[in-house]
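> Dropping in input_34.csv, which is CSV, C-alpha atoms (C1' of nucleotides):
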chain,number,residue,atom,x,y,z
A,1,MET,CA,34.5,36.1,202.8
A,2,HIS,CA,33.5,35.1,199.3
A,3,LYS,CA,30.7,37.3,198.2
A,4,TYR,CA,29.2,35.9,195.0
A,5,TYR,CA,27.2,37.9,192.5
A,6,THR,CA,24.3,36.4,190.5
A,7,ILE,CA,24.1,36.9,186.9
A,8,THR,CA,21.2,39.4,187.1
A,9,GLU,CA,22.9,41.4,189.8
A,10,LEU,CA,25.7,42.0,187.3
A,11,THR,CA,23.4,42.6,184.3
A,12,ARG,CA,21.8,45.4,186.4
A,13,GLU,CA,25.0,46.8,187.5
A,14,PHE,CA,26.5,46.9,184.0
A,15,GLY,CA,23.4,47.4,182.0
A,16,VAL,CA,23.8,44.3,179.8
A,17,SER,CA,21.7,41.3,179.3
A,18,THR,CA,22.2,37.8,180.7
A,19,ARG,CA,22.6,36.7,177.1
A,20,THR,CA,25.6,39.0,176.8
A,21,LEU,CA,27.4,37.6,179.9
A,22,ARG,CA,26.7,34.0,178.8
A,23,PHE,CA,28.1,35.0,175.4
A,24,TYR,CA,31.2,36.3,177.0
A,25,GLU,CA,31.6,33.0,178.8
A,26,ASP,CA,31.1,31.0,175.6
A,27,GLU,CA,33.8,33.2,174.1
A,28,GLY,CA,36.1,32.3,177.0
A,29,LEU,CA,36.4,35.8,178.3
A,30,ILE,CA,35.1,34.9,181.7
A,31,HIS,CA,34.9,31.7,183.7
A,32,PRO,CA,32.3,32.0,186.5
A,33,GLU,CA,32.1,29.1,188.9
A,34,ARG,CA,29.1,26.9,189.0
A,35,ARG,CA,26.9,25.6,191.7
A,36,GLY,CA,25.0,23.0,189.9
A,37,ARG,CA,24.2,24.7,186.6
A,38,THR,CA,24.0,28.2,188.1
A,39,ARG,CA,26.7,30.7,187.5
A,40,LEU,CA,28.4,32.3,190.5
A,41,PHE,CA,30.4,35.4,189.8
A,42,LYS,CA,33.2,36.5,192.1
A,43,ALA,CA,34.7,40.0,192.5
A,44,SER,CA,37.4,39.1,190.0
A,45,ASP,CA,34.8,38.1,187.4
A,46,ARG,CA,33.0,41.3,188.1
A,47,HIS,CA,36.2,43.3,187.6
A,48,LEU,CA,36.9,41.4,184.4
A,49,ILE,CA,33.4,42.2,183.0
A,50,GLY,CA,34.2,45.8,183.7
A,51,GLU,CA,37.3,45.6,181.5
A,52,ILE,CA,35.5,43.8,178.8
A,53,LEU,CA,32.8,46.5,178.6
A,54,ARG,CA,35.5,49.1,178.7
A,55,GLY,CA,37.0,47.5,175.6
A,56,ARG,CA,33.6,47.3,174.0
A,57,ARG,CA,33.0,51.0,174.5
A,58,LEU,CA,36.3,51.7,172.8
A,59,GLY,CA,35.1,49.7,169.7
A,60,PHE,CA,37.4,46.8,170.2
A,61,THR,CA,36.1,43.5,168.8
A,62,ILE,CA,35.8,40.4,171.1
A,63,ALA,CA,39.0,39.1,169.6
A,64,GLU,CA,40.8,42.3,170.4
A,65,ILE,CA,39.4,42.3,173.9
A,66,ARG,CA,40.5,38.8,174.4
A,67,GLU,CA,44.0,39.9,173.4
A,68,ILE,CA,44.0,42.6,176.0
A,69,ILE,CA,42.7,40.3,178.7
A,70,ASP,CA,45.4,37.8,177.9
A,71,ILE,CA,47.9,40.6,178.3
A,72,TYR,CA,46.5,41.4,181.8
A,73,LYS,CA,46.9,37.8,182.8
A,74,GLY,CA,50.3,38.7,183.9
A,75,PRO,CA,53.8,38.2,182.6
A,76,PRO,CA,55.0,34.7,181.8
A,77,GLY,CA,58.3,33.3,182.9
A,78,GLU,CA,60.3,32.8,179.8
A,79,ILE,CA,62.4,35.4,178.1
A,80,GLY,CA,61.1,35.0,174.6
A,81,GLN,CA,57.5,35.1,175.9
A,82,LEU,CA,58.2,38.3,177.8
A,83,GLU,CA,59.6,40.0,174.8
A,84,LEU,CA,56.6,39.0,172.7
A,85,MET,CA,54.3,40.2,175.4
A,86,MET,CA,56.0,43.6,175.5
A,87,GLN,CA,55.6,43.8,171.8
A,88,ARG,CA,51.9,43.1,172.0
A,89,VAL,CA,51.6,45.8,174.7
A,90,ALA,CA,53.3,48.2,172.4
A,91,GLU,CA,50.8,47.5,169.7
A,92,LYS,CA,47.8,48.0,171.9
A,93,ARG,CA,49.3,51.2,173.1
A,94,ASP,CA,49.7,52.4,169.6
A,95,GLN,CA,46.0,51.6,168.9
A,96,LEU,CA,45.0,53.4,172.0
A,97,ASN,CA,47.1,56.4,171.2
A,98,GLN,CA,45.5,56.6,167.8
A,99,LYS,CA,42.1,56.5,169.4
A,100,ARG,CA,43.1,59.2,171.8
A,101,LYS,CA,44.2,61.4,169.0
A,102,ASP,CA,41.0,60.8,167.2
A,103,ILE,CA,39.1,61.8,170.3
A,104,GLU,CA,41.1,65.0,170.8
A,105,GLU,CA,40.4,66.0,167.2
A,106,THR,CA,36.7,65.3,167.4
A,107,LEU,CA,36.4,67.1,170.7
A,108,SER,CA,38.1,70.2,169.3
A,109,GLU,CA,35.8,70.3,166.3
A,110,LEU,CA,32.9,70.0,168.6
A,111,ASP,CA,34.3,73.0,170.5
A,112,ASN,CA,34.2,75.0,167.3
A,113,VAL,CA,30.6,74.1,166.6
A,114,ASP,CA,29.7,75.0,170.1
A,115,GLU,CA,31.4,78.4,169.8
A,116,ALA,CA,29.7,79.0,166.5
A,117,CYS,CA,26.4,78.2,168.1
A,118,LEU,CA,27.1,80.6,171.0
A,119,ALA,CA,28.1,83.4,168.7
A,120,ARG,CA,25.0,82.9,166.6
A,121,LEU,CA,22.9,83.0,169.7
A,122,ALA,CA,24.5,86.2,170.9
A,123,GLU,CA,23.8,87.8,167.5
A,124,LEU,CA,20.2,86.7,167.7
A,125,ARG,CA,19.7,88.1,171.2
A,126,VAL,CA,21.1,91.5,170.2
A,127,GLY,CA,18.8,91.3,167.3
A,128,SER,CA,20.9,91.1,164.2
B,1,MET,CA,41.1,74.5,140.0
B,2,HIS,CA,38.9,71.5,140.8
B,3,LYS,CA,41.0,68.5,141.5
B,4,TYR,CA,38.8,65.5,141.5
B,5,TYR,CA,39.7,62.2,143.2
B,6,THR,CA,38.6,58.9,141.8
B,7,ILE,CA,37.2,56.3,144.0
B,8,THR,CA,40.2,54.1,143.9
B,9,GLU,CA,42.6,56.9,144.7
B,10,LEU,CA,40.7,57.4,147.9
B,11,THR,CA,40.4,53.7,148.7
B,12,ARG,CA,44.2,53.5,148.5
B,13,GLU,CA,44.7,56.6,150.5
B,14,PHE,CA,42.4,55.5,153.3
B,15,GLY,CA,42.8,51.8,153.1
B,16,VAL,CA,39.2,51.0,152.5
B,17,SER,CA,37.3,49.2,149.7
B,18,THR,CA,35.2,50.8,147.0
B,19,ARG,CA,32.3,49.0,148.5
B,20,THR,CA,32.8,50.9,151.7
B,21,LEU,CA,32.8,54.3,150.0
B,22,ARG,CA,29.7,53.4,148.0
B,23,PHE,CA,28.1,52.1,151.1
B,24,TYR,CA,28.8,55.4,152.8
B,25,GLU,CA,27.1,57.1,149.9
B,26,ASP,CA,24.1,54.9,150.1
B,27,GLU,CA,23.9,55.8,153.8
B,28,GLY,CA,23.9,59.4,152.9
B,29,LEU,CA,27.2,60.2,154.6
B,30,ILE,CA,28.9,61.5,151.4
B,31,HIS,CA,27.5,62.9,148.1
B,32,PRO,CA,30.2,62.7,145.5
B,33,GLU,CA,29.4,64.3,142.1
B,34,ARG,CA,28.9,62.3,139.0
B,35,ARG,CA,30.2,62.5,135.5
B,36,GLY,CA,27.9,60.1,133.8
B,37,ARG,CA,27.7,57.3,136.2
B,38,THR,CA,31.2,57.7,137.6
B,39,ARG,CA,31.7,59.2,141.0
B,40,LEU,CA,34.0,62.3,141.3
B,41,PHE,CA,35.2,63.1,144.8
B,42,LYS,CA,36.2,66.6,145.8
B,43,ALA,CA,38.6,67.7,148.5
B,44,SER,CA,35.6,68.2,150.8
B,45,ASP,CA,34.4,64.7,150.2
B,46,ARG,CA,37.9,63.4,150.9
B,47,HIS,CA,37.9,65.4,154.2
B,48,LEU,CA,34.5,64.0,155.1
B,49,ILE,CA,35.7,60.5,154.5
B,50,GLY,CA,38.5,61.2,156.9
B,51,GLU,CA,36.1,62.2,159.6
B,52,ILE,CA,33.9,59.2,159.0
B,53,LEU,CA,36.8,56.8,159.4
B,54,ARG,CA,37.9,58.7,162.5
B,55,GLY,CA,34.5,58.0,163.9
B,56,ARG,CA,34.7,54.4,162.9
B,57,ARG,CA,38.0,53.9,164.6
B,58,LEU,CA,36.4,55.2,167.8
B,59,GLY,CA,33.7,52.5,167.5
B,60,PHE,CA,30.9,54.8,166.6
B,61,THR,CA,28.1,53.2,164.5
B,62,ILE,CA,27.1,54.6,161.1
B,63,ALA,CA,24.1,56.2,162.8
B,64,GLU,CA,26.3,57.9,165.4
B,65,ILE,CA,28.7,59.0,162.8
B,66,ARG,CA,25.9,60.5,160.8
B,67,GLU,CA,24.9,62.5,163.9
B,68,ILE,CA,28.4,63.9,164.3
B,69,ILE,CA,28.5,64.8,160.6
B,70,ASP,CA,25.1,66.5,160.9
B,71,ILE,CA,26.6,68.5,163.8
B,72,TYR,CA,29.5,69.6,161.7
B,73,LYS,CA,27.2,70.9,159.0
B,74,GLY,CA,27.2,74.1,160.8
B,75,PRO,CA,24.8,75.9,163.1
B,76,PRO,CA,21.3,76.5,161.9
B,77,GLY,CA,19.5,79.9,162.1
B,78,GLU,CA,16.7,79.4,164.5
B,79,ILE,CA,17.1,79.7,168.3
B,80,GLY,CA,15.4,76.5,169.2
B,81,GLN,CA,17.5,74.6,166.7
B,82,LEU,CA,20.6,76.2,168.1
B,83,GLU,CA,19.8,75.1,171.6
B,84,LEU,CA,19.0,71.6,170.4
B,85,MET,CA,22.3,71.4,168.6
B,86,MET,CA,24.3,72.5,171.6
B,87,GLN,CA,22.6,69.8,173.6
B,88,ARG,CA,23.6,67.2,171.0
B,89,VAL,CA,27.1,68.6,171.1
B,90,ALA,CA,27.2,68.1,174.8
B,91,GLU,CA,26.0,64.5,174.5
B,92,LYS,CA,28.7,63.7,172.0
B,93,ARG,CA,31.3,65.4,174.2
B,94,ASP,CA,30.2,63.2,177.1
B,95,GLN,CA,30.5,60.0,175.0
B,96,LEU,CA,34.0,61.1,173.9
B,97,ASN,CA,35.1,62.0,177.5
B,98,GLN,CA,33.9,58.5,178.6
B,99,LYS,CA,36.0,57.0,175.8
B,100,ARG,CA,39.0,59.1,176.8
B,101,LYS,CA,38.7,57.9,180.4
B,102,ASP,CA,38.5,54.3,179.2
B,103,ILE,CA,41.6,54.8,177.2
B,104,GLU,CA,43.6,56.4,180.0
B,105,GLU,CA,42.6,53.5,182.3
B,106,THR,CA,43.6,50.9,179.8
B,107,LEU,CA,46.8,52.6,179.0
B,108,SER,CA,47.8,52.8,182.6
B,109,GLU,CA,47.1,49.1,183.1
B,110,LEU,CA,49.2,48.3,180.1
B,111,ASP,CA,51.9,50.4,181.7
B,112,ASN,CA,51.7,48.1,184.7
B,113,VAL,CA,52.1,45.0,182.6
B,114,ASP,CA,55.0,46.6,180.8
B,115,GLU,CA,56.8,47.4,184.1
B,116,ALA,CA,56.1,43.9,185.4
B,117,CYS,CA,57.7,42.5,182.2
B,118,LEU,CA,60.7,44.7,182.5
B,119,ALA,CA,61.2,43.8,186.2
B,120,ARG,CA,60.9,40.1,185.4
B,121,LEU,CA,63.4,40.5,182.5
B,122,ALA,CA,65.9,42.2,184.9
B,123,GLU,CA,65.5,39.4,187.3
B,124,LEU,CA,66.2,36.8,184.7
B,125,ARG,CA,69.3,38.6,183.4
B,126,VAL,CA,70.8,38.8,186.9
B,127,GLY,CA,70.0,35.2,187.1
B,128,SER,CA,67.3,34.8,189.8
C,1,DC,C1',6.8,22.0,200.6
C,2,DA,C1',4.3,24.7,197.2
C,3,DG,C1',4.7,28.3,194.0
C,4,DA,C1',6.9,32.3,192.4
C,5,DA,C1',11.1,34.0,190.7
C,6,DA,C1',15.3,33.3,188.6
C,7,DA,C1',18.4,30.7,185.9
C,8,DT,C1',19.6,27.4,182.4
C,9,DT,C1',20.2,25.7,177.5
C,10,DG,C1',19.2,25.8,172.6
C,11,DA,C1',17.5,27.4,168.6
C,12,DC,C1',16.3,30.9,165.8
C,13,DT,C1',16.4,36.0,164.5
C,14,DT,C1',18.2,40.5,164.0
C,15,DT,C1',21.3,44.4,163.0
C,16,DT,C1',25.5,46.4,161.4
C,17,DA,C1',28.8,47.0,158.1
C,18,DC,C1',30.4,45.7,154.8
C,19,DG,C1',32.2,41.3,151.2
C,20,DT,C1',31.7,39.2,146.9
C,21,DA,C1',30.3,37.9,142.4
C,22,DA,C1',28.0,38.9,138.0
C,23,DA,C1',27.4,41.5,134.1
C,24,DA,C1',28.4,45.5,131.9
C,25,DG,C1',30.0,50.4,130.8
C,26,DT,C1',34.3,53.9,130.5
C,27,DC,C1',38.7,55.3,129.2
C,28,DA,C1',43.5,55.7,127.9
C,29,DT,C1',47.1,53.2,125.5
C,30,DT,C1',49.0,50.4,122.2
D,1,DA,C1',40.3,47.2,117.5
D,2,DA,C1',42.1,45.3,121.5
D,3,DT,C1',44.0,45.2,126.0
D,4,DG,C1',43.8,46.4,130.7
D,5,DA,C1',42.7,49.1,134.4
D,6,DC,C1',38.7,51.1,136.6
D,7,DT,C1',34.0,51.8,137.4
D,8,DT,C1',29.0,50.9,137.7
D,9,DT,C1',24.6,48.6,139.5
D,10,DT,C1',22.2,44.8,141.4
D,11,DA,C1',21.8,41.2,144.4
D,12,DC,C1',22.9,37.8,147.5
D,13,DG,C1',26.2,36.4,151.4
D,14,DT,C1',28.5,36.8,155.8
D,15,DA,C1',30.7,37.5,160.4
D,16,DA,C1',30.2,39.7,164.8
D,17,DA,C1',27.5,40.5,168.7
D,18,DA,C1',24.0,40.1,170.6
D,19,DG,C1',18.3,39.8,171.0
D,20,DT,C1',14.3,36.9,171.4
D,21,DC,C1',11.7,33.0,172.6
D,22,DA,C1',10.5,28.5,174.4
D,23,DA,C1',11.0,24.8,177.2
D,24,DT,C1',13.1,23.4,181.4
D,25,DT,C1',15.3,23.3,185.7
D,26,DT,C1',16.8,25.4,190.1
D,27,DT,C1',16.6,28.3,193.8
D,28,DC,C1',14.5,31.2,197.0
D,29,DT,C1',10.7,32.5,200.1
D,30,DG,C1',6.6,32.3,202.8
Produce structure tokens that represent the structure in this file.

Amino acid sequence: MHKYYTITELTREFGVSTRTLRFYEDEGLIHPERRGRTRLFKASDRHLIGEILRGRRLGFTIAEIREIIDIYKGPPGEIGQLELMMQRVAEKRDQLNQKRKDIEETLSELDNVDEACLARLAELRVGS
Amino acid sequence: MHKYYTITELTREFGVSTRTLRFYEDEGLIHPERRGRTRLFKASDRHLIGEILRGRRLGFTIAEIREIIDIYKGPPGEIGQLELMMQRVAEKRDQLNQKRKDIEETLSELDNVDEACLARLAELRVGS
DNA sequence: CAGAAAATTGACTTTTACGTAAAAGTCATT
DNA sequence: AATGACTTTTACGTAAAAGTCAATTTTCTG
């Protein structure tokens, strides 16, 4: 039961252009099958595109996204490789924690602005 | 008690180039004073640079960072303006919540990878 | 099987966010 | 007065990440 997706189905679903998906293929991030010259995307490709775009929303570059994808590809066999991989995981985790902290800070400042707006509105309604 | 910062003091503190800070000035994000032609940065400028770079780490464009900064500039007086501002705050909050969700998902996948690595390492040590 | 609709490649363009180099001006020390 | 560390403006350059356009296939549909 292989359901294949066409490129435009996916562009519609994810809100990106065909050019973008082809670009990701050129960059080696995805490897859709071919029937003739036409690309056929499987569920796993679709899933991967989701992860790529998630990385993009977080401001990661293509190179960084590639690193993350490589990590997902599953643990290798050899001990040295495993330790290196765990180190890379730790680095990515640090980056993400930094971003999360940045988000919390920004959100809390937005909260302040919001409260200030509400307070000012209340004043205006009473008729300061 | 005006302590001024020079441009290179700030580049060192924040790990950016002078070009970057001048660029942010060109873009109207910061407005350092001048003594002659030389820029003098105050504590408030320094603080603002911190917020700009925080936005940058989160993958916001200069235009988006400008929007956020404009929001911080404090609530305006008029009712219509206030409502518009609260709307913009809500939009930014949505963006940030999306990013936070993206982060949580990515972190949890990294956790899986990490566990898989640990499991594999344990196997290897026992001697599979 | 024709014709429309969709997909392909390739080349060129655009936008963003700075980098870099040139040519001076500023300032504190020696 | 000279050195050295900074700083300025102006201007052109560049890498990343697509967008756009044109010319062809390919595939789907009636």
> Residues of chain C were defined as contacting chain B if any atom lay at most 10 Å from it, counting only C-alpha atoms (C1' of nucleotides); please report them as a JSON list (two decimals) with C-alpha atoms (C1' of nucleotides), in the coordinates of the input.

[["chain", "number", "residue", "atom", "x", "y", "z"],
["C", 16, "DT", "C1'", 25.50, 46.40, 161.40],
["C", 17, "DA", "C1'", 28.80, 47.00, 158.10],
["C", 18, "DC", "C1'", 30.40, 45.70, 154.80],
["C", 19, "DG", "C1'", 32.20, 41.30, 151.20],
["C", 20, "DT", "C1'", 31.70, 39.20, 146.90],
["C", 25, "DG", "C1'", 30.00, 50.40, 130.80],
["C", 26, "DT", "C1'", 34.30, 53.90, 130.50]]
> Would you work out the distance separating C1' of DG30 in chain D from CA of Thr6 in chain A, expressed in Å to one decimal?
21.9 Å
> Please produce chain A as a PDB file with C-alpha atoms, in the coordinates of the input once it has been superposed on chain B, the fit using all Cα atoms paired in sequence order.

ATOM      1  CA  MET A   1      41.208  74.551 140.390  1.00  0.00           C
ATOM      2  CA  HIS A   2      38.954  71.611 141.113  1.00  0.00           C
ATOM      3  CA  LYS A   3      41.081  68.596 141.639  1.00  0.00           C
ATOM      4  CA  TYR A   4      38.870  65.504 141.672  1.00  0.00           C
ATOM      5  CA  TYR A   5      39.798  62.206 143.258  1.00  0.00           C
ATOM      6  CA  THR A   6      38.677  58.837 141.826  1.00  0.00           C
ATOM      7  CA  ILE A   7      37.207  56.315 144.001  1.00  0.00           C
ATOM      8  CA  THR A   8      40.293  54.040 143.960  1.00  0.00           C
ATOM      9  CA  GLU A   9      42.617  56.912 144.693  1.00  0.00           C
ATOM     10  CA  LEU A  10      40.689  57.368 147.937  1.00  0.00           C
ATOM     11  CA  THR A  11      40.401  53.634 148.729  1.00  0.00           C
ATOM     12  CA  ARG A  12      44.244  53.550 148.542  1.00  0.00           C
ATOM     13  CA  GLU A  13      44.697  56.572 150.560  1.00  0.00           C
ATOM     14  CA  PHE A  14      42.342  55.437 153.330  1.00  0.00           C
ATOM     15  CA  GLY A  15      42.811  51.752 153.085  1.00  0.00           C
ATOM     16  CA  VAL A  16      39.136  50.886 152.490  1.00  0.00           C
ATOM     17  CA  SER A  17      37.379  49.217 149.699  1.00  0.00           C
ATOM     18  CA  THR A  18      35.287  50.789 146.941  1.00  0.00           C
ATOM     19  CA  ARG A  19      32.380  48.854 148.401  1.00  0.00           C
ATOM     20  CA  THR A  20      32.842  50.745 151.656  1.00  0.00           C
ATOM     21  CA  LEU A  21      32.764  54.230 150.025  1.00  0.00           C
ATOM     22  CA  ARG A  22      29.709  53.284 147.921  1.00  0.00           C
ATOM     23  CA  PHE A  23      28.127  52.063 151.165  1.00  0.00           C
ATOM     24  CA  TYR A  24      28.808  55.342 152.793  1.00  0.00           C
ATOM     25  CA  GLU A  25      27.119  57.081 149.892  1.00  0.00           C
ATOM     26  CA  ASP A  26      24.080  54.796 150.072  1.00  0.00           C
ATOM     27  CA  GLU A  27      23.937  55.691 153.754  1.00  0.00           C
ATOM     28  CA  GLY A  28      23.944  59.385 152.823  1.00  0.00           C
ATOM     29  CA  LEU A  29      27.180  60.166 154.540  1.00  0.00           C
ATOM     30  CA  ILE A  30      28.800  61.454 151.414  1.00  0.00           C
ATOM     31  CA  HIS A  31      27.518  62.859 148.149  1.00  0.00           C
ATOM     32  CA  PRO A  32      30.213  62.675 145.430  1.00  0.00           C
ATOM     33  CA  GLU A  33      29.372  64.314 142.142  1.00  0.00           C
ATOM     34  CA  ARG A  34      28.879  62.285 139.061  1.00  0.00           C
ATOM     35  CA  ARG A  35      30.158  62.471 135.576  1.00  0.00           C
ATOM     36  CA  GLY A  36      27.935  60.080 133.858  1.00  0.00           C
ATOM     37  CA  ARG A  37      27.760  57.199 136.325  1.00  0.00           C
ATOM     38  CA  THR A  38      31.290  57.730 137.666  1.00  0.00           C
ATOM     39  CA  ARG A  39      31.855  59.183 141.053  1.00  0.00           C
ATOM     40  CA  LEU A  40      34.036  62.282 141.364  1.00  0.00           C
ATOM     41  CA  PHE A  41      35.264  63.090 144.819  1.00  0.00           C
ATOM     42  CA  LYS A  42      36.280  66.611 145.776  1.00  0.00           C
ATOM     43  CA  ALA A  43      38.587  67.719 148.624  1.00  0.00           C
ATOM     44  CA  SER A  44      35.559  68.222 150.844  1.00  0.00           C
ATOM     45  CA  ASP A  45      34.384  64.651 150.223  1.00  0.00           C
ATOM     46  CA  ARG A  46      37.857  63.477 150.950  1.00  0.00           C
ATOM     47  CA  HIS A  47      37.910  65.415 154.226  1.00  0.00           C
ATOM     48  CA  LEU A  48      34.498  64.032 155.112  1.00  0.00           C
ATOM     49  CA  ILE A  49      35.665  60.407 154.521  1.00  0.00           C
ATOM     50  CA  GLY A  50      38.469  61.170 156.896  1.00  0.00           C
ATOM     51  CA  GLU A  51      35.983  62.114 159.620  1.00  0.00           C
ATOM     52  CA  ILE A  52      33.849  59.150 158.963  1.00  0.00           C
ATOM     53  CA  LEU A  53      36.798  56.752 159.375  1.00  0.00           C
ATOM     54  CA  ARG A  54      37.813  58.650 162.446  1.00  0.00           C
ATOM     55  CA  GLY A  55      34.383  57.913 163.899  1.00  0.00           C
ATOM     56  CA  ARG A  56      34.648  54.317 162.823  1.00  0.00           C
ATOM     57  CA  ARG A  57      37.944  53.882 164.624  1.00  0.00           C
ATOM     58  CA  LEU A  58      36.333  55.226 167.765  1.00  0.00           C
ATOM     59  CA  GLY A  59      33.609  52.475 167.517  1.00  0.00           C
ATOM     60  CA  PHE A  60      30.818  54.780 166.597  1.00  0.00           C
ATOM     61  CA  THR A  61      28.054  53.160 164.530  1.00  0.00           C
ATOM     62  CA  ILE A  62      27.045  54.675 161.113  1.00  0.00           C
ATOM     63  CA  ALA A  63      24.061  56.238 162.798  1.00  0.00           C
ATOM     64  CA  GLU A  64      26.242  57.857 165.394  1.00  0.00           C
ATOM     65  CA  ILE A  65      28.635  59.060 162.742  1.00  0.00           C
ATOM     66  CA  ARG A  66      25.838  60.505 160.794  1.00  0.00           C
ATOM     67  CA  GLU A  67      24.829  62.421 163.920  1.00  0.00           C
ATOM     68  CA  ILE A  68      28.265  63.881 164.252  1.00  0.00           C
ATOM     69  CA  ILE A  69      28.450  64.831 160.600  1.00  0.00           C
ATOM     70  CA  ASP A  70      25.118  66.566 160.861  1.00  0.00           C
ATOM     71  CA  ILE A  71      26.520  68.490 163.791  1.00  0.00           C
ATOM     72  CA  TYR A  72      29.520  69.627 161.656  1.00  0.00           C
ATOM     73  CA  LYS A  73      27.175  70.873 158.997  1.00  0.00           C
ATOM     74  CA  GLY A  74      27.174  74.088 160.797  1.00  0.00           C
ATOM     75  CA  PRO A  75      24.792  75.942 163.051  1.00  0.00           C
ATOM     76  CA  PRO A  76      21.263  76.621 161.864  1.00  0.00           C
ATOM     77  CA  GLY A  77      19.555  79.950 162.123  1.00  0.00           C
ATOM     78  CA  GLU A  78      16.772  79.501 164.555  1.00  0.00           C
ATOM     79  CA  ILE A  79      17.050  79.780 168.284  1.00  0.00           C
ATOM     80  CA  GLY A  80      15.363  76.563 169.234  1.00  0.00           C
ATOM     81  CA  GLN A  81      17.479  74.667 166.668  1.00  0.00           C
ATOM     82  CA  LEU A  82      20.659  76.164 168.079  1.00  0.00           C
ATOM     83  CA  GLU A  83      19.821  75.145 171.559  1.00  0.00           C
ATOM     84  CA  LEU A  84      19.062  71.594 170.451  1.00  0.00           C
ATOM     85  CA  MET A  85      22.275  71.498 168.530  1.00  0.00           C
ATOM     86  CA  MET A  86      24.270  72.573 171.583  1.00  0.00           C
ATOM     87  CA  GLN A  87      22.594  69.859 173.512  1.00  0.00           C
ATOM     88  CA  ARG A  88      23.554  67.241 170.973  1.00  0.00           C
ATOM     89  CA  VAL A  89      27.156  68.539 171.090  1.00  0.00           C
ATOM     90  CA  ALA A  90      27.111  68.142 174.803  1.00  0.00           C
ATOM     91  CA  GLU A  91      26.072  64.558 174.483  1.00  0.00           C
ATOM     92  CA  LYS A  92      28.748  63.666 172.006  1.00  0.00           C
ATOM     93  CA  ARG A  93      31.254  65.317 174.225  1.00  0.00           C
ATOM     94  CA  ASP A  94      30.145  63.257 177.119  1.00  0.00           C
ATOM     95  CA  GLN A  95      30.547  60.065 175.005  1.00  0.00           C
ATOM     96  CA  LEU A  96      33.942  61.164 173.949  1.00  0.00           C
ATOM     97  CA  ASN A  97      35.004  61.992 177.447  1.00  0.00           C
ATOM     98  CA  GLN A  98      33.937  58.563 178.571  1.00  0.00           C
ATOM     99  CA  LYS A  99      35.987  57.029 175.819  1.00  0.00           C
ATOM    100  CA  ARG A 100      38.943  59.118 176.794  1.00  0.00           C
ATOM    101  CA  LYS A 101      38.703  57.960 180.329  1.00  0.00           C
ATOM    102  CA  ASP A 102      38.483  54.419 179.210  1.00  0.00           C
ATOM    103  CA  ILE A 103      41.608  54.902 177.155  1.00  0.00           C
ATOM    104  CA  GLU A 104      43.553  56.479 180.022  1.00  0.00           C
ATOM    105  CA  GLU A 105      42.650  53.537 182.253  1.00  0.00           C
ATOM    106  CA  THR A 106      43.609  50.919 179.714  1.00  0.00           C
ATOM    107  CA  LEU A 107      46.849  52.679 178.923  1.00  0.00           C
ATOM    108  CA  SER A 108      47.816  52.807 182.599  1.00  0.00           C
ATOM    109  CA  GLU A 109      47.148  49.114 183.067  1.00  0.00           C
ATOM    110  CA  LEU A 110      49.234  48.428 180.072  1.00  0.00           C
ATOM    111  CA  ASP A 111      52.000  50.473 181.727  1.00  0.00           C
ATOM    112  CA  ASN A 112      51.844  48.162 184.708  1.00  0.00           C
ATOM    113  CA  VAL A 113      52.133  45.054 182.583  1.00  0.00           C
ATOM    114  CA  ASP A 114      55.022  46.562 180.780  1.00  0.00           C
ATOM    115  CA  GLU A 115      56.804  47.378 184.051  1.00  0.00           C
ATOM    116  CA  ALA A 116      56.131  43.905 185.326  1.00  0.00           C
ATOM    117  CA  CYS A 117      57.613  42.504 182.175  1.00  0.00           C
ATOM    118  CA  LEU A 118      60.721  44.714 182.524  1.00  0.00           C
ATOM    119  CA  ALA A 119      61.241  43.754 186.121  1.00  0.00           C
ATOM    120  CA  ARG A 120      60.898  40.086 185.283  1.00  0.00           C
ATOM    121  CA  LEU A 121      63.416  40.491 182.539  1.00  0.00           C
ATOM    122  CA  ALA A 122      65.885  42.218 184.812  1.00  0.00           C
ATOM    123  CA  GLU A 123      65.543  39.356 187.322  1.00  0.00           C
ATOM    124  CA  LEU A 124      66.162  36.847 184.578  1.00  0.00           C
ATOM    125  CA  ARG A 125      69.280  38.617 183.313  1.00  0.00           C
ATOM    126  CA  VAL A 126      70.800  38.752 186.804  1.00  0.00           C
ATOM    127  CA  GLY A 127      69.959  35.149 187.023  1.00  0.00           C
ATOM    128  CA  SER A 128      67.366  34.752 189.703  1.00  0.00           C
TER     129      SER A 128
END
> Separation of C1' of DA6 in chain C and CA of Ala43 in chain A, in Å?
20.9 Å
> Residues near DA23 in chain D, anyone? I mean within 12 Å using only C-alpha atoms (C1' of nucleotides), not counting same-chain ones fewer than 5 positions away, as a list of chain:residue names.
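Near DA23 in chain D, the qualifying residues are C:DT8, C:DT9, C:DG10, C:DA11.
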> How close does each residue of chain D get to chain A, giving the shortest atom pair and distance in Å to one decimal for every residue with an atom at most 10 Å away, counting all atoms listed in the file, sorted by chain and residue number, as a Markdown table?

| residue | atom | partner | partner_atom | distance |
| --- | --- | --- | --- | --- |
| D:DA16 | C1' | A:Thr61 | CA | 8.1 |
| D:DA17 | C1' | A:Thr20 | CA | 8.5 |
| D:DA18 | C1' | A:Thr20 | CA | 6.5 |
| D:DG19 | C1' | A:Arg19 | CA | 8.1 |
| D:DT25 | C1' | A:Arg37 | CA | 9.1 |
| D:DT26 | C1' | A:Thr38 | CA | 8.0 |
| D:DT27 | C1' | A:Thr38 | CA | 9.3 |
> Any idea which chain B residues end up within 9 Å of chain A if we count only C-alpha atoms, as a ChimeraX atom specification please?
/B:51,54-60,68,71-79,82-83,85-86,89-90,92-93,96-100,102-104,106-107,109-114,116-118,120-121,124
> Can you tell me which residues surround Ile30 in chain A at a distance of at most 8 Å, considering all atoms listed in the file, apart from same-chain residues fewer than 5 positions away, and format the answer as an NGL selection string?
:A and (24-25 or 45 or 48-49)
